[in-house]
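The block underneath contains the structure these notes are about, expressed in structure tokens.
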Amino acid sequence: MRLADRIVDILYCLQKESAGLGVSEIAQRVALPKSTTHRLLQAVEARGLVVQDFVSQRYALGLGLVAMASTVLQEKNILLAPSQGPMERLRNLSGETVCLHLPSGLERVCIRQVESPNPIRYAIEVGKPWPLYCGAAGKLLLAYMPDRVVDQVIQMTGLTPIAPRTITDPLELRRELTIVRSQGYAVSFEETTPMASAAAAPVRDSHGNVIACVSLFGVRARLDEQRVAGLIPELLTTAREVSSAISPS
């Protein structure tokens, strides 16, 4: 597992440097010996995940990653294509940022975002992994996962706080997930971002399985408890529209 972690560290390191990096620079950034870094780079280069410039000798991400990403995007396009219209309508109605999230292992990622038009707003970095144990989107997705996954999330993360009101007590988290399943949506206030609020509703496939969620994300001073409650019906409608579009009856 540690070796896999190091390879991922190298790829993320190169993601941030479009001009590429030399072996010594990469080794320094990922805290590995130069010889080990070079060996790992050769392994991923052989699979097309990185490429070395013959002149500068610097490494950059390779087209092998594009092929892998295109496969994922083709699979997820069934969600991306029909979600745009409903998400834009919810953004226009609420004035807040609307996001589409997918589970990714023991985390979740935003794969589409329609930003609020307000000059003061919150937005999420598309593709960035976020914990499942906090935030409306994370709790919504986790609530519909098997108990063993909930156990794994708790054990592997320790419910590390990332904002003022992140849930850090396993019992409290389990109670919250029960409430989410009972009411069919999730809300959060300052669980992932200070002074931010969010609400999320499930997107289901043709078998009724929760495969994604739509969320509202905004400044708490504007998106307070009362306003969140008032927007829940529209949020649920949006999630149902996306569900129907991907799984027509």
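All residue names refer to the structure tokens as shown: chains lettered A, B, ... in order, residues numbered from 1 in each chain, ligands numbered from 1 in order.
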Could you name the residues that touch A:Arg58 at 8 Å or less, counting only C-alpha atoms, but leaving out those on the same chain fewer than 2 positions away, as a PyMOL selection string?
chain A and resi 20-23+52-54+56+60
Would you mind listing what lies within 9 Å of A:Val228 as a compact mmCIF listing (two decimals) with C-alpha atoms, in the first residue's frame, with only C-alpha atoms counted and same-chain residues fewer than 2 positions away left out?
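Produced file part22.txt, reproduced below:
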```
# COMPACT_ATOMS: atom_id res chain seq x y z
CA VAL A 187 -28.17 19.09 5.34
CA SER A 197 -24.27 25.57 4.31
CA ALA A 198 -25.29 22.68 2.09
CA ALA A 199 -28.13 20.31 1.33
CA LEU A 216 -26.85 23.08 -2.94
CA LEU A 223 -28.45 29.98 3.04
CA ASP A 224 -29.55 29.67 6.66
CA GLU A 225 -31.59 26.88 8.25
CA GLN A 226 -34.94 28.38 7.27
CA GLY A 230 -37.64 26.06 2.03
CA LEU A 231 -35.44 24.87 -0.84
CA ILE A 232 -35.56 21.15 0.01
```
Which of stretch 14-231 of chain A fall in helix (DSSP H, G or I), as a PyMOL selection string:
chain A and resi 14-15+23-30+34-46+63-94+136-143+147-157+170-183+225-231
12 Å contact set for A:Thr238, only C-alpha atoms, chain neighbours under 4 positions out, as a PyMOL selection string
chain A and resi 82-91+93-94+98-100+200-204+213-216+231-234+242-245
Go ahead and dump the residues you just picked, C-alpha atoms, as a PDB file, in the first residue's frame.
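Below is the file that was written, again_34.pdb:
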```
ATOM      1  CA  PRO A  82     -29.021  14.955 -18.401  1.00  0.00           C
ATOM      2  CA  SER A  83     -27.991  16.780 -15.230  1.00  0.00           C
ATOM      3  CA  GLN A  84     -27.129  20.146 -16.758  1.00  0.00           C
ATOM      4  CA  GLY A  85     -30.653  21.472 -17.335  1.00  0.00           C
ATOM      5  CA  PRO A  86     -32.126  20.539 -13.939  1.00  0.00           C
ATOM      6  CA  MET A  87     -29.033  21.831 -12.140  1.00  0.00           C
ATOM      7  CA  GLU A  88     -29.179  25.160 -13.949  1.00  0.00           C
ATOM      8  CA  ARG A  89     -32.862  25.551 -13.085  1.00  0.00           C
ATOM      9  CA  LEU A  90     -32.138  24.906  -9.421  1.00  0.00           C
ATOM     10  CA  ARG A  91     -29.241  27.386  -9.509  1.00  0.00           C
ATOM     11  CA  LEU A  93     -34.223  29.416  -8.561  1.00  0.00           C
ATOM     12  CA  SER A  94     -32.009  29.338  -5.481  1.00  0.00           C
ATOM     13  CA  VAL A  98     -25.415  23.435  -7.446  1.00  0.00           C
ATOM     14  CA  CYS A  99     -23.147  20.373  -7.600  1.00  0.00           C
ATOM     15  CA  LEU A 100     -23.334  16.774  -8.754  1.00  0.00           C
ATOM     16  CA  ALA A 200     -28.113  17.165  -0.818  1.00  0.00           C
ATOM     17  CA  ALA A 201     -30.656  14.800  -2.378  1.00  0.00           C
ATOM     18  CA  PRO A 202     -30.162  11.346  -3.920  1.00  0.00           C
ATOM     19  CA  VAL A 203     -29.892  10.461  -7.587  1.00  0.00           C
ATOM     20  CA  ARG A 204     -31.049   6.871  -8.182  1.00  0.00           C
ATOM     21  CA  CYS A 213     -26.408  13.178  -5.362  1.00  0.00           C
ATOM     22  CA  VAL A 214     -27.287  16.753  -6.223  1.00  0.00           C
ATOM     23  CA  SER A 215     -26.360  19.406  -3.677  1.00  0.00           C
ATOM     24  CA  LEU A 216     -26.852  23.077  -2.945  1.00  0.00           C
ATOM     25  CA  LEU A 231     -35.439  24.868  -0.844  1.00  0.00           C
ATOM     26  CA  ILE A 232     -35.555  21.149   0.007  1.00  0.00           C
ATOM     27  CA  PRO A 233     -38.647  20.433  -2.164  1.00  0.00           C
ATOM     28  CA  GLU A 234     -36.958  21.973  -5.216  1.00  0.00           C
ATOM     29  CA  VAL A 242     -31.845  13.708 -13.018  1.00  0.00           C
ATOM     30  CA  SER A 243     -32.790  10.192 -11.856  1.00  0.00           C
ATOM     31  CA  SER A 244     -35.623  10.000 -14.383  1.00  0.00           C
ATOM     32  CA  ALA A 245     -33.401  11.273 -17.189  1.00  0.00           C
TER      33      ALA A 245
END
```
Need to verify the contact set: A:Thr193, 12 Å, only C-alpha atoms, exclusion of same-chain residues closer than 6 positions in sequence. Can you return it as a list in words?
Arg121, Tyr122, Ala123, Ile124, Trp130, Cys134, Gly135, Ala136, Pro161, Ile162, Ala163, Pro164, Arg165, Thr166, Phe217, Gly218, Val219 and Arg220 of chain A
Using only C-alpha atoms, which residues sit within 12 Å of A:Gln42 once same-chain residues fewer than 4 positions away are excluded, as an MDAnalysis selection string?
chainID A and resid 7 10 23 35:38 46:52 59
Take the residues from that selection and write them out as a PDB file, in the first residue's frame, keeping C-alpha atoms.
```pdb
ATOM      1  CA  ILE A   7       3.147   6.371  -7.082  1.00  0.00           C
ATOM      2  CA  ILE A  10       4.237  11.329  -7.891  1.00  0.00           C
ATOM      3  CA  VAL A  23      13.822  13.456 -10.980  1.00  0.00           C
ATOM      4  CA  SER A  35      16.965   6.249  -6.885  1.00  0.00           C
ATOM      5  CA  THR A  36      13.542   5.094  -5.652  1.00  0.00           C
ATOM      6  CA  THR A  37      11.809   7.962  -7.424  1.00  0.00           C
ATOM      7  CA  HIS A  38      13.594   7.136 -10.674  1.00  0.00           C
ATOM      8  CA  ALA A  46       6.370   2.026 -19.249  1.00  0.00           C
ATOM      9  CA  ARG A  47       2.580   2.142 -18.897  1.00  0.00           C
ATOM     10  CA  GLY A  48       2.234   5.549 -20.490  1.00  0.00           C
ATOM     11  CA  LEU A  49       1.198   7.336 -17.309  1.00  0.00           C
ATOM     12  CA  VAL A  50       4.168   9.688 -17.434  1.00  0.00           C
ATOM     13  CA  VAL A  51       6.482  10.745 -20.242  1.00  0.00           C
ATOM     14  CA  GLN A  52      10.047  12.057 -20.174  1.00  0.00           C
ATOM     15  CA  TYR A  59       8.845  14.210 -16.530  1.00  0.00           C
TER      16      TYR A  59
END
```
Residues flagged strand (DSSP E) by DSSP in stretch 43-140 of chain A, as a count of residues only:
25
Hey, what's within 12 Å of A:Met156 if we count only C-alpha atoms and toss same-chain stuff fewer than 2 positions away? As a ChimeraX atom specification, please?
/A:106-107,131-133,149-154,158-160
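If you measure from each of A:Leu236, A:Ala27, A:Ala137, A:Ala143 to A:Leu14 using only C-alpha atoms, the closest one turns out to be A:Ala27.
Picture a line from atom CA of A:Met145 to atom CA of A:Arg181; it runs 10.5 Å.
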Among listed residues A:Leu32, A:Gly127, A:Gln155, A:Asp5, nearest A:Ser104 (using only C-alpha atoms)
A:Gly127
